[in-house]
Each structure stands twice: as C-alpha cells, then as structure tokens.
Amino acid sequence: MEIIRSIKQMQQLMKQFRSEGNTIGYVPTMGFLHEGHLTLVNEARKNNDKVVMSIFVNPLQFGPNEDFDLYPRDFARDEQLANKAGVDVIFYPDVKEMYPKELSVTVKVKDRVNVLCGKSRKGHFDGVATVLMKLFNIVTPDRAYFGMKDAQQVAVVDGLIHDYNFPIELVPVPTVREADGLAKSSRNVYLSNKERNEAPELYKSLQKAVQKLNANERDLGKIKNGIQAHIEEKTSGIVDYVEIYSYPQLLPLMEPKGKMIIAIAVKFSKARLIDNITIEI
C-alpha cells in the first residue's frame with residue numbers, strides 16, 4: 001500500500017494506473033476509520049483493479065460551532081485498517097497542500113441541502129462539494145463509494161457528479177447495521193445502556209412505515225406521525241425530525257410516488273442519531 005501526500009504525485013500515479021488499463025474505485029474519508037468505511041472499501045475491491053482512499057479532514061465543511069481541531073485523528077490506526085482491507089493507495093494531504101491559498105472560485109450547493117441535517121448546518125455541503133470537486137479531479141476515479149447512512153450527502157454528490165459531468169459512477173452502499181438493526185455509528189458509544197437498548201426502535205419505526213406504504217397507505221402525514229409516536233413510546237429520545245422526501249431530489253411529496261426516503265433524527269442525552277430507509281412505490 002502506498003501513502004501519498006502530494007497532489008502532483010497523486011495525479012502522476014493515477015495517470016500511470018490508467019495507462020496500465022486499471023479501473024479505479026475511490027473511497028473518500030476524513031479518517032478515524034470504522035466498519036462503515038471498510039464496507040465501502042470491500043465494495044470497491046469487488047469491481048475495480050485499484051482502490052484509492054483519501055483521508056483528509058476538510059476544514060471547509062466545519063461550521064462555527066463545530067471544532068475542526070477536535071475532530072478525532074489516528075492515522076497509524078487508519079493505515080493499518082486500510083492496508084488490511086485491501087486499499088492500494090491512501091491519499092493523505094495536509095490542509096496547506098489542498099488549500100495553499102484562498103480559493104478564487106467557490107462551490108455553492110443550492111438544492112438538496114435546506115432539509116434534514118443540512119437545514120441546521122448552513123454551508124456544510126458547500127464545503128463537501130468543494131473538496132470533492134478537488135478530490136475527483138485529483139483521483140479521477142471510475143467509481144466513487146459513499147454510505148447511505150448519510151443519504152443527504154449521497155444526494156448532494158449525485159447532483160455534483162451530474163451537474164458537472166464527472167465521468168464517475170456513484171455507488172451508494174447500504175447502511176451497515178448492528179445485529180439488532182441499529183445503524184453503526186461512532187456516536188453509538190455515547191449512548192447509556194438504557195439508550196442503547198432503546199436505539200434499535202429507530203430502525204423498527206422506519207420498517208413499520210415501509211410496511212404501511214407497501215399496504216397502500218397514501219397519507220404521508222399519518223406515516224410520519226406513526227414513526228414519531230413509535231419513537232416517543234419506545235425510547236427516551238427526543239425526535240428532531242421525521243421527514244419523507246423524493247430521492248435523491250429531496251423534494252416534498254403530496255403522496256407516495258417514485259423513489260422516496262424516510263429519514264429521522266433523534267436526540268438522546270449525549271448523542272444525536274440519524275437513520276433512513278429508501279423505498280420505491
């Protein structure tokens with residue numbers, strides 16, 4: 001496994017890979033790897049000759065109240081996990097390498113961001129889109145792998161790839177779950193024992209909503225109320241939002257139609273958990 005810190009060297013290596021006829025699968029991360037990241041690597045491994053992972057904590061996507069400096073970092077551990085998972089190259093630039101001076105052109109995401117978690121994180125997805133524009137141009141992958149745990153990010157990346165004609169196939173990978181259905185997350189460690197026992201009810205509430213839609217329930221307000229009632233009855237968490245939108249457009253719906261996302265966010269004492277499920281009617 002190679003570790004490259006220079007943009008120029010990375011571009012040269014990617015050019016070499018292509019000249020040798022290799023396909024490139026790409027997994028962008030901010031490091032502190034967990035099973036979700038490694039699942040993306042496993043998927044990339046299946047369909048590509050080379051797997052590239054980037055590890056870069058991107059300052060542009062941190063808001064005023066989100067401490068960039070406190071974001072967890074452990075490159076030695078990440079290197080070991082990535083190597084074991086079969087990553088061929090880690091691109092590991094520092095901030096000065098990625099942003100040597102203030103950008104003269106910025107990216108602003110207009111659609112798909114003023115709902116769900118993006119509603120309370122103004123500018124977050126502008127930072128995500130900006131860094132991905134750079135990384136896509138540096139890595140030039142055939143396929144890019146993103147987890148559906150953060151379905152809103154997948155929707156934004158879908159828009160970015162299509163709007164700017166990147167010759168990249170976006171591969172959304174299903175959420176990795178514990179045996180009891182709880183979506184795996186680094187935040188789960190902050191749950192108390194009682195909250196951890198309650199947390200699987202989030203996914204159960206989504207599954208019940210899907211069952212109702214499959215049984216031809218047409219009232220989306222009723223579906224959302226049912227999810228909220230289930231969470232409030234079965235957990236001590238406070239519901240932040242329950243939403244149903246078209247996917248990946250993330251537009252409001254009057255009735256069930258086409259591909260949809262049902263998304264929730266629930267606040268526990270020391271952790272805010274998100275989950276979602278997509279369904280096509």
# chains A, B, ... in the order shown; residues from 1 in each chain; ligands from 1
>>> closest_atom_pairs(of="range 1-117 of chain A", to="range 148-155 of chain A", cutoff="10 Å", atoms="only C-alpha atoms", output="tab-separated table")
residue	atom	partner	partner_atom	distance
A:Gly36	CA	A:Lys149	CA	8.8
A:Asp111	CA	A:Ala155	CA	9.6
A:Arg112	CA	A:Ala155	CA	7.0
A:Val113	CA	A:Gln152	CA	7.6
A:Val115	CA	A:Gln152	CA	8.8
A:Leu116	CA	A:Gln152	CA	7.6
A:Cys117	CA	A:Gln152	CA	7.9
>>> select_by_dssp(residues="range 45-275 of chain A", states="helix (DSSP H, G or I)", output="PyMOL selection string")
chain A and resi 45-47+59-61+68-70+75-85+95-98+116-120+124-139+148-163+186-190+193-198+201-214+220-234
>>> residues_around(residues="Leu170 in chain A", least_positions_apart="3", cutoff="8 Å", atoms="only C-alpha atoms", output="ChimeraX atom specification")
/A:143-146,157-158,161
>>> residues_around(residues="range 20-26 of chain A", least_positions_apart="4", cutoff="12 Å", atoms="only C-alpha atoms", output="PyMOL selection string")
chain A and resi 13-16+37+40-55+86-91+132+135-146+167-171
>>> select_by_dssp(residues="range 137-203 of chain A", states="strand (DSSP E or B)", output="PyMOL selection string")
chain A and resi 143-147+169-173+177+183
>>> closest_residue(among="A:Val173, A:Ala263, A:Val210, A:Met254", to="Tyr241 in chain A", atoms="only C-alpha atoms")
A:Ala263
>>> closest_residue(among="A:Asp67, A:Asp180, A:Glu198, A:Glu280", to="Leu213 in chain A", atoms="only C-alpha atoms")
A:Glu280
>>> closest_residue(among="A:Ser236, A:Ser205, A:Gln11, A:Asn216", to="Ile262 in chain A", atoms="only C-alpha atoms")
A:Ser205
>>> residues_around(residues="Phe75 in chain A", least_positions_apart="5", cutoff="9 Å", atoms="only C-alpha atoms", output="short mmCIF file (atom, residue, chain, number, x, y, z; two decimals) with C-alpha atoms, in the first residue's frame")
data_model
loop_
_atom_site.label_atom_id
_atom_site.label_comp_id
_atom_site.auth_asym_id
_atom_site.auth_seq_id
_atom_site.Cartn_x
_atom_site.Cartn_y
_atom_site.Cartn_z
CA GLY A 31 -10.18 9.20 8.66
CA PHE A 32 -10.80 7.64 12.07
CA ILE A 55 -8.00 10.72 4.36
CA GLN A 80 -3.33 -0.44 9.47
#
>>> closest_residue(among="A:Leu38, A:Leu202, A:Leu220, A:Val107", to="Leu253 in chain A", atoms="only C-alpha atoms")
A:Leu220
>>> residues_around(residues="Tyr71 in chain A", least_positions_apart="2", cutoff="12 Å", atoms="only C-alpha atoms", output="VMD selection string")
chain A and resid 30 to 32 56 to 59 61 to 62 66 to 69 73 to 74
>>> atom_distance(atom1="CA of Asp240 in chain A", atom2="CA of Ala265 in chain A")
5.2 Å
>>> atom_distance(atom1="CA of Glu97 in chain A", atom2="CA of Leu160 in chain A")
22.9 Å
>>> residues_around(residues="Gly226 in chain A", least_positions_apart="2", cutoff="12 Å", atoms="only C-alpha atoms", output="ChimeraX atom specification")
/A:202,204-213,217,219-224,228-233,242-243
